[in-house]
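Asks: This is the structure, below, for whatever I ask next.
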Amino acid sequence: MQNAAQHNEVIDGAAAVSYLDKFRSPEPVQAEQQQAIPRSRTALPNLRTMFDRLINIFGRDNDGVFYLDHEKHNIRSTFSGDFELQGMIKTRAGAIFKGSLQSSDSLIKSAGTVVIDVDADIAIDIECETLIVLGKHSGKATVQGTLINMGVIKGEYMYGALESFGRIEGMVEQIAN
């Protein structure tokens, strides 16, 4: 039997785990088994529920690619490119931001969903119902509903609910009901 150190094939992720399982002894030593279970497991009973909530925010096409449905989130405005803003943008519908926006003393005020796109780097204050950060946002944000962070948020954030798989730098605080 060939061992893992002698094998030169490059593998990644789940394939690596599956590949390495071939080299485990079929019956683990009883003492190792008893010690490993308490220290190597953490119960995450709400993880499935959290994933389901996040998945339902996005659509999925026939090829399995996730997308953000602009109709579902009532997104009517797109701000794209590298630009500056002075003042306030106020909208009853949602908005999506792409590119770079550096306007630290300005405000986006939306009664709907504000989306910071994957490659966007946005520095502006935001007040909205739902904030979805896929790229980078810095500034202050007050989110009455859900703050979904899958990118980087940096600053001060007040939110009704938080779902985050991204990086948070700064202060986050839940709004009291």
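In the structure tokens, chains take letters A, B, ... by order of appearance, with residues numbered from 1 within each chain and ligands from 1 in the order shown.
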Give me the residues near Ile122 (chain A) as a ChimeraX atom specification, where near means some atom within 12 Å (using only C-alpha atoms) and where sequence neighbours in that chain fewer than 2 positions away do not count.
Replies: /A:79-85,96-104,106-108,114-120,124-126,133-141,151-155
Asks: Neighbours of Thr113 (chain A) within 6 Å (only C-alpha atoms; same-chain residues fewer than 3 positions away dropped), as a count of residues only?
Replies: 4
Asks: Using DSSP on the backbone, list every residue of region 38-136 of chain A that comes out as helix (DSSP H, G or I), and give them as a list in words.
Replies: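 So, restricting region 38-136 of chain A to helix (DSSP H, G or I), we get Pro38, Arg39, Ser40, Leu47, Arg48, Thr49, Met50, Phe51, Asp52, Arg53, Leu54, Ile55, Asn56 and Ile57 of chain A.
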Asks: Looking at A:Asn56, A:Asn46, A:Asn149, A:Thr142, which one is nearest to Ile168 (chain A), with distances taken over only C-alpha atoms?
Replies: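 For Ile168 (chain A), the nearest of the candidates is A:Asn149.
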Asks: Can you measure CA of Ile57 (chain A) to CA of Ser77 (chain A) for me? One decimal in Å is fine.
Replies: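 One can read the CA of Ile57 (chain A) to CA of Ser77 (chain A) distance as 18.7 Å.
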Asks: So what do you get for CA of Gly170 (chain A) versus CA of Met88 (chain A), distance-wise?
Replies: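 Taking CA of Gly170 (chain A) and CA of Met88 (chain A), their separation equals 23.5 Å.
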Asks: Among the residues of region 55-131 of chain A, find those DSSP assigns to strand (DSSP E or B) from the backbone and print them as a VMD selection string.
Replies: chain A and resid 59 to 60 66 to 67 75 to 79 82 to 83 88 to 91 94 to 97 100 to 110 113 to 116 121 to 128 130 to 131
Asks: Of the residues A:Ser164, A:Glu127, A:Ile75, A:Asp69, which is the one nearest to Leu54 (chain A), using only C-alpha atoms?
Replies: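 With only C-alpha atoms as the atom set, the closest residue is A:Ser164.
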